[in-house]
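Here the structure is laid out as structure tokens; the discussion comes afterwards.
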Amino acid sequence: MTWNDVTTIISGVPWTLGVTGAALLFGIIFGFPLLMLRQSRFSALRGLMLVLIALVRGVPPIVWLFIIFFGIGTDLIQINPFSAAVITFGFIAATNMAEIYRGGLLAIHHGQYEAAESLNFNRWYKFWDVIFPQMTRVAIPSTATYAIGLLKDSAIASTIGVRELAYQGRYVTEATFHGLPVLALVGAFYILASLPIAVIARRTDAKLRRSVAR
């Protein structure tokens, strides 16, 4: 394996990080509206969201990717491979983040709500000053775990031509007939990319714990 082969593999890193980062950001943002709908007072709406979340999470990501890229992207509107990957993984991330947020809400003791009520907080202050910090602290470890899983799942984007790590690794393997060293290097890049996520999550969790404790 030559240096050119290494640089070819490295060229896939920005695509992998791009798909992962964009999809995770999409999920973090749109997970909140899904959470609100999931917690709606209307039972029909709650049931609809429950079915939607179960459907999205129950179907393999590669199937959704093919539906978005080869189905919608062929029959309805033109979608490039990168956009199709971001839309697919972002949609899946939103449903997973909604469940992560819901787990954070359920972990908050009911006494916290009662304390906020006794202080006569309105709904806005009760959520942002009491509920949100605690929900976020509880959700961070699960979010970090999901982000690492999403980073690995981004390799599926290679099946529709996104030139990320797995795509470049397969290309170099087919060109050099050296599978083991190439795939070992690809795996090492995935590990290196996941380490900062774990470190940031631990530091953020520790900071929020100190903030909540004060």
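By convention in this document, the chains of the structure tokens carry letters A, B, ... by their order, each chain's residues are numbered from 1, and ligands are numbered from 1 in the order they are shown.
Using only C-alpha atoms, the protein and nucleic acid residues lying no more than 8 Å from Asn80 (chain A), apart from those fewer than 4 places from it along its own chain, are Phe69, Gly73 and Ala84 of chain A.
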Spatial neighbours of Pro81 (chain A), max dist 12 Å, only C-alpha atoms, sep filter under 2 positions, as a PDB file with C-alpha atoms, in the first residue's frame:
ATOM      1  CA  TRP A  15     -17.415  12.792   3.473  1.00  0.00           C
ATOM      2  CA  VAL A  19     -22.749  12.742   6.486  1.00  0.00           C
ATOM      3  CA  LEU A  65     -31.479   4.868   1.854  1.00  0.00           C
ATOM      4  CA  PHE A  66     -32.570   2.969  -1.239  1.00  0.00           C
ATOM      5  CA  ILE A  68     -34.863   7.895  -0.739  1.00  0.00           C
ATOM      6  CA  PHE A  69     -32.207   7.618  -3.434  1.00  0.00           C
ATOM      7  CA  PHE A  70     -33.572   5.077  -5.910  1.00  0.00           C
ATOM      8  CA  GLY A  73     -34.651  10.388  -6.082  1.00  0.00           C
ATOM      9  CA  THR A  74     -35.470   8.601  -9.337  1.00  0.00           C
ATOM     10  CA  GLN A  78     -33.344  14.422  -8.429  1.00  0.00           C
ATOM     11  CA  ILE A  79     -31.262  13.838  -5.290  1.00  0.00           C
ATOM     12  CA  SER A  83     -27.985  14.652   0.032  1.00  0.00           C
ATOM     13  CA  ALA A  84     -29.846  11.341  -0.039  1.00  0.00           C
ATOM     14  CA  ALA A  85     -27.547   9.988   2.685  1.00  0.00           C
ATOM     15  CA  VAL A  86     -27.987  13.074   4.880  1.00  0.00           C
ATOM     16  CA  ILE A  87     -31.775  13.051   4.464  1.00  0.00           C
ATOM     17  CA  THR A  88     -31.995   9.342   5.221  1.00  0.00           C
ATOM     18  CA  ILE A 156     -23.822   2.339   4.173  1.00  0.00           C
ATOM     19  CA  ALA A 157     -23.752   5.540   2.094  1.00  0.00           C
ATOM     20  CA  SER A 158     -21.004   3.908   0.008  1.00  0.00           C
ATOM     21  CA  THR A 159     -23.684   1.702  -1.578  1.00  0.00           C
ATOM     22  CA  ILE A 160     -25.112   4.691  -3.463  1.00  0.00           C
ATOM     23  CA  GLY A 161     -21.746   6.202  -4.386  1.00  0.00           C
ATOM     24  CA  VAL A 162     -20.886   8.585  -1.545  1.00  0.00           C
ATOM     25  CA  ARG A 163     -17.086   8.655  -1.530  1.00  0.00           C
ATOM     26  CA  GLU A 164     -16.678   8.212   2.218  1.00  0.00           C
TER      27      GLU A 164
END
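Separating CA of Ser40 (chain A) from CA of Leu106 (chain A) is a distance of 14.7 Å.
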Considering only C-alpha atoms, return as JSON, numbers by chain whatever protein or nucleic-acid residues lie within 9 Å of region 178-188 of chain A, sequence-local ones (same chain, fewer than 6 positions apart) excluded. {"A": [1, 5, 6, 9, 10, 165, 166, 168, 169, 170, 172]}
Can those selected residues be exported to a file as a compact mmCIF listing (two decimals), in the first residue's frame so that it contains N, CA, C and O atoms?
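Final file, part.txt:
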# COMPACT_ATOMS: atom_id res chain seq x y z
N MET A 1 0.85 -1.20 0.00
CA MET A 1 0.00 0.00 0.00
C MET A 1 0.87 1.24 0.00
O MET A 1 1.71 1.42 0.89
N ASP A 5 -2.29 5.54 -1.95
CA ASP A 5 -3.44 4.76 -1.47
C ASP A 5 -3.94 5.31 -0.14
O ASP A 5 -5.15 5.39 0.09
N VAL A 6 -3.00 5.69 0.73
CA VAL A 6 -3.38 6.25 2.04
C VAL A 6 -4.13 7.57 1.86
O VAL A 6 -5.16 7.80 2.50
N ILE A 9 -7.67 7.00 0.76
CA ILE A 9 -8.53 6.62 1.88
C ILE A 9 -8.86 7.84 2.73
O ILE A 9 -10.01 8.04 3.13
N ILE A 10 -7.84 8.66 3.01
CA ILE A 10 -8.04 9.86 3.83
C ILE A 10 -9.04 10.81 3.19
O ILE A 10 -9.81 11.49 3.88
N LEU A 165 -15.31 6.88 3.73
CA LEU A 165 -14.21 5.98 4.07
C LEU A 165 -14.39 4.57 3.50
O LEU A 165 -13.45 4.01 2.91
N ALA A 166 -15.56 3.98 3.70
CA ALA A 166 -15.78 2.62 3.24
C ALA A 166 -15.68 2.53 1.71
O ALA A 166 -15.13 1.56 1.17
N GLN A 168 -13.90 4.53 -0.32
CA GLN A 168 -12.50 4.66 -0.72
C GLN A 168 -11.69 3.42 -0.33
O GLN A 168 -10.79 3.00 -1.06
N GLY A 169 -12.02 2.83 0.82
CA GLY A 169 -11.34 1.61 1.22
C GLY A 169 -11.60 0.47 0.24
O GLY A 169 -10.68 -0.28 -0.12
N ARG A 170 -12.84 0.34 -0.20
CA ARG A 170 -13.17 -0.70 -1.18
C ARG A 170 -12.47 -0.43 -2.51
O ARG A 170 -11.98 -1.37 -3.16
N VAL A 172 -9.59 1.18 -3.01
CA VAL A 172 -8.16 0.87 -2.89
C VAL A 172 -7.95 -0.64 -2.81
O VAL A 172 -7.00 -1.18 -3.39
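Residue nearest Ile62 (chain A) within the list A:Ala144, A:Val138, A:Ala98, A:Ala155: A:Ala155 [criterion: smallest interatomic distance, only C-alpha atoms].
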What are the DSSP alpha helix (DSSP H) residues of region 69-172 of chain A, as a PyMOL selection string? chain A and resi 73-75+81-106+110-118+123-125+132-153+165-172
At a cut-off of 12 Å, using only C-alpha atoms, what residues contact Leu151 (chain A)? Leave out same-chain residues fewer than 6 positions from it and give the result as an NGL selection string. :A and (13-24 or 86 or 89 or 93 or 144-145 or 157 or 164-166 or 187 or 189-197)
Need the shell around Ile108 (chain A): protein/DNA/RNA residues with any atom at most 8 Å away, counting only C-alpha atoms. Skip same-chain ones fewer than 6 positions apart. Format as a ChimeraX atom specification? /A:131,134-135
Keeping all heavy atoms, export the residues of the selection given above as a PDB file, in the first residue's frame.
ATOM      1  N   ILE A 131     -36.198  21.825  33.500  1.00  0.00           N
ATOM      2  CA  ILE A 131     -36.340  20.560  32.786  1.00  0.00           C
ATOM      3  C   ILE A 131     -35.227  20.349  31.772  1.00  0.00           C
ATOM      4  O   ILE A 131     -34.584  19.286  31.745  1.00  0.00           O
ATOM      5  CB  ILE A 131     -37.715  20.485  32.084  1.00  0.00           C
ATOM      6  CG1 ILE A 131     -38.834  20.740  33.096  1.00  0.00           C
ATOM      7  CG2 ILE A 131     -37.876  19.134  31.399  1.00  0.00           C
ATOM      8  CD1 ILE A 131     -38.818  19.830  34.298  1.00  0.00           C
ATOM      9  N   GLN A 134     -31.583  19.232  32.956  1.00  0.00           N
ATOM     10  CA  GLN A 134     -31.551  17.870  33.471  1.00  0.00           C
ATOM     11  C   GLN A 134     -31.803  16.848  32.364  1.00  0.00           C
ATOM     12  O   GLN A 134     -31.159  15.796  32.327  1.00  0.00           O
ATOM     13  CB  GLN A 134     -32.591  17.716  34.579  1.00  0.00           C
ATOM     14  CG  GLN A 134     -32.314  18.599  35.788  1.00  0.00           C
ATOM     15  CD  GLN A 134     -33.325  18.383  36.897  1.00  0.00           C
ATOM     16  OE1 GLN A 134     -33.368  17.323  37.507  1.00  0.00           O
ATOM     17  NE2 GLN A 134     -34.144  19.390  37.151  1.00  0.00           N
ATOM     18  N   MET A 135     -32.722  17.154  31.463  1.00  0.00           N
ATOM     19  CA  MET A 135     -32.987  16.261  30.347  1.00  0.00           C
ATOM     20  C   MET A 135     -31.752  16.116  29.470  1.00  0.00           C
ATOM     21  O   MET A 135     -31.406  15.013  29.026  1.00  0.00           O
ATOM     22  CB  MET A 135     -34.155  16.789  29.519  1.00  0.00           C
ATOM     23  CG  MET A 135     -34.542  15.898  28.352  1.00  0.00           C
ATOM     24  SD  MET A 135     -35.731  16.682  27.227  1.00  0.00           S
ATOM     25  CE  MET A 135     -34.653  17.872  26.403  1.00  0.00           C
TER      26      MET A 135
END
Give me the residues within 10 Å of region 41-56 of chain A as a compact mmCIF listing (two decimals) with all heavy atoms, in the first residue's frame, counting only C-alpha atoms and dropping any in the same chain fewer than 5 places off.
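The file below, out05.txt, is the result:
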# COMPACT_ATOMS: atom_id res chain seq x y z
N LEU A 34 -40.60 16.14 17.16
CA LEU A 34 -41.14 14.78 17.24
C LEU A 34 -41.43 14.39 18.69
O LEU A 34 -42.42 13.72 18.97
CB LEU A 34 -40.15 13.78 16.62
CG LEU A 34 -39.93 13.86 15.11
CD1 LEU A 34 -38.97 12.78 14.65
CD2 LEU A 34 -41.25 13.75 14.36
N LEU A 35 -40.57 14.85 19.59
CA LEU A 35 -40.80 14.59 21.02
C LEU A 35 -42.09 15.26 21.47
O LEU A 35 -42.90 14.65 22.20
CB LEU A 35 -39.64 15.11 21.85
CG LEU A 35 -39.84 15.11 23.37
CD1 LEU A 35 -39.96 13.68 23.90
CD2 LEU A 35 -38.72 15.85 24.07
N MET A 36 -42.30 16.52 21.07
CA MET A 36 -43.51 17.23 21.45
C MET A 36 -44.77 16.53 20.92
O MET A 36 -45.78 16.42 21.62
CB MET A 36 -43.46 18.67 20.92
CG MET A 36 -42.34 19.53 21.51
SD MET A 36 -42.50 19.78 23.31
CE MET A 36 -41.26 18.62 23.92
N PRO A 61 -31.54 0.83 7.92
CA PRO A 61 -31.18 2.10 7.28
C PRO A 61 -30.92 1.97 5.78
O PRO A 61 -31.24 2.87 5.02
CB PRO A 61 -29.90 2.51 8.02
CG PRO A 61 -30.03 1.87 9.37
CD PRO A 61 -30.72 0.57 9.12
N TRP A 64 -34.15 2.32 3.85
CA TRP A 64 -34.58 3.72 3.74
C TRP A 64 -33.69 4.48 2.76
O TRP A 64 -34.18 5.34 2.00
CB TRP A 64 -34.52 4.39 5.11
CG TRP A 64 -35.63 4.02 6.04
CD1 TRP A 64 -35.52 3.41 7.26
CD2 TRP A 64 -37.03 4.21 5.82
NE1 TRP A 64 -36.76 3.22 7.82
CE2 TRP A 64 -37.70 3.70 6.96
CE3 TRP A 64 -37.78 4.76 4.79
CZ2 TRP A 64 -39.10 3.74 7.08
CZ3 TRP A 64 -39.17 4.79 4.91
CH2 TRP A 64 -39.80 4.28 6.04
N PHE A 91 -33.30 11.73 9.01
CA PHE A 91 -34.67 11.32 9.35
C PHE A 91 -34.65 10.23 10.42
O PHE A 91 -35.40 10.27 11.40
CB PHE A 91 -35.37 10.82 8.09
CG PHE A 91 -36.82 10.47 8.28
CD1 PHE A 91 -37.68 11.35 8.91
CD2 PHE A 91 -37.32 9.27 7.83
CE1 PHE A 91 -39.02 11.04 9.10
CE2 PHE A 91 -38.66 8.94 8.01
CZ PHE A 91 -39.51 9.84 8.65
N ILE A 92 -33.76 9.26 10.24
CA ILE A 92 -33.63 8.20 11.24
C ILE A 92 -33.13 8.77 12.56
O ILE A 92 -33.60 8.40 13.65
CB ILE A 92 -32.69 7.10 10.73
CG1 ILE A 92 -33.28 6.43 9.48
CG2 ILE A 92 -32.42 6.06 11.81
CD1 ILE A 92 -32.33 5.47 8.79
N ALA A 93 -32.16 9.68 12.49
CA ALA A 93 -31.60 10.29 13.71
C ALA A 93 -32.66 11.07 14.47
O ALA A 93 -32.68 11.07 15.71
CB ALA A 93 -30.43 11.20 13.35
N ALA A 94 -33.57 11.75 13.75
CA ALA A 94 -34.61 12.53 14.42
C ALA A 94 -35.51 11.64 15.26
O ALA A 94 -35.87 11.99 16.39
CB ALA A 94 -35.43 13.30 13.38
N THR A 95 -35.89 10.48 14.72
CA THR A 95 -36.74 9.58 15.48
C THR A 95 -36.01 8.99 16.68
O THR A 95 -36.58 8.85 17.76
CB THR A 95 -37.26 8.44 14.58
OG1 THR A 95 -36.15 7.70 14.04
CG2 THR A 95 -38.09 8.99 13.45
N ASN A 96 -34.74 8.68 16.49
CA ASN A 96 -33.96 8.14 17.62
C ASN A 96 -33.71 9.20 18.68
O ASN A 96 -33.77 8.90 19.88
CB ASN A 96 -32.62 7.58 17.11
CG ASN A 96 -32.76 6.21 16.50
OD1 ASN A 96 -32.85 5.20 17.19
ND2 ASN A 96 -32.79 6.15 15.17
N ALA A 98 -35.65 11.70 19.32
CA ALA A 98 -36.92 11.92 20.02
C ALA A 98 -37.08 10.93 21.16
O ALA A 98 -37.53 11.29 22.26
CB ALA A 98 -38.09 11.79 19.03
N GLU A 99 -36.69 9.69 20.93
CA GLU A 99 -36.77 8.68 21.98
C GLU A 99 -35.73 8.91 23.06
O GLU A 99 -35.97 8.66 24.25
CB GLU A 99 -36.61 7.28 21.37
CG GLU A 99 -37.81 6.83 20.56
CD GLU A 99 -39.07 6.75 21.43
OE1 GLU A 99 -39.17 5.85 22.25
OE2 GLU A 99 -39.94 7.63 21.27
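Between CA of Gly104 (chain A) and CA of Pro33 (chain A) the separation is 15.1 Å.
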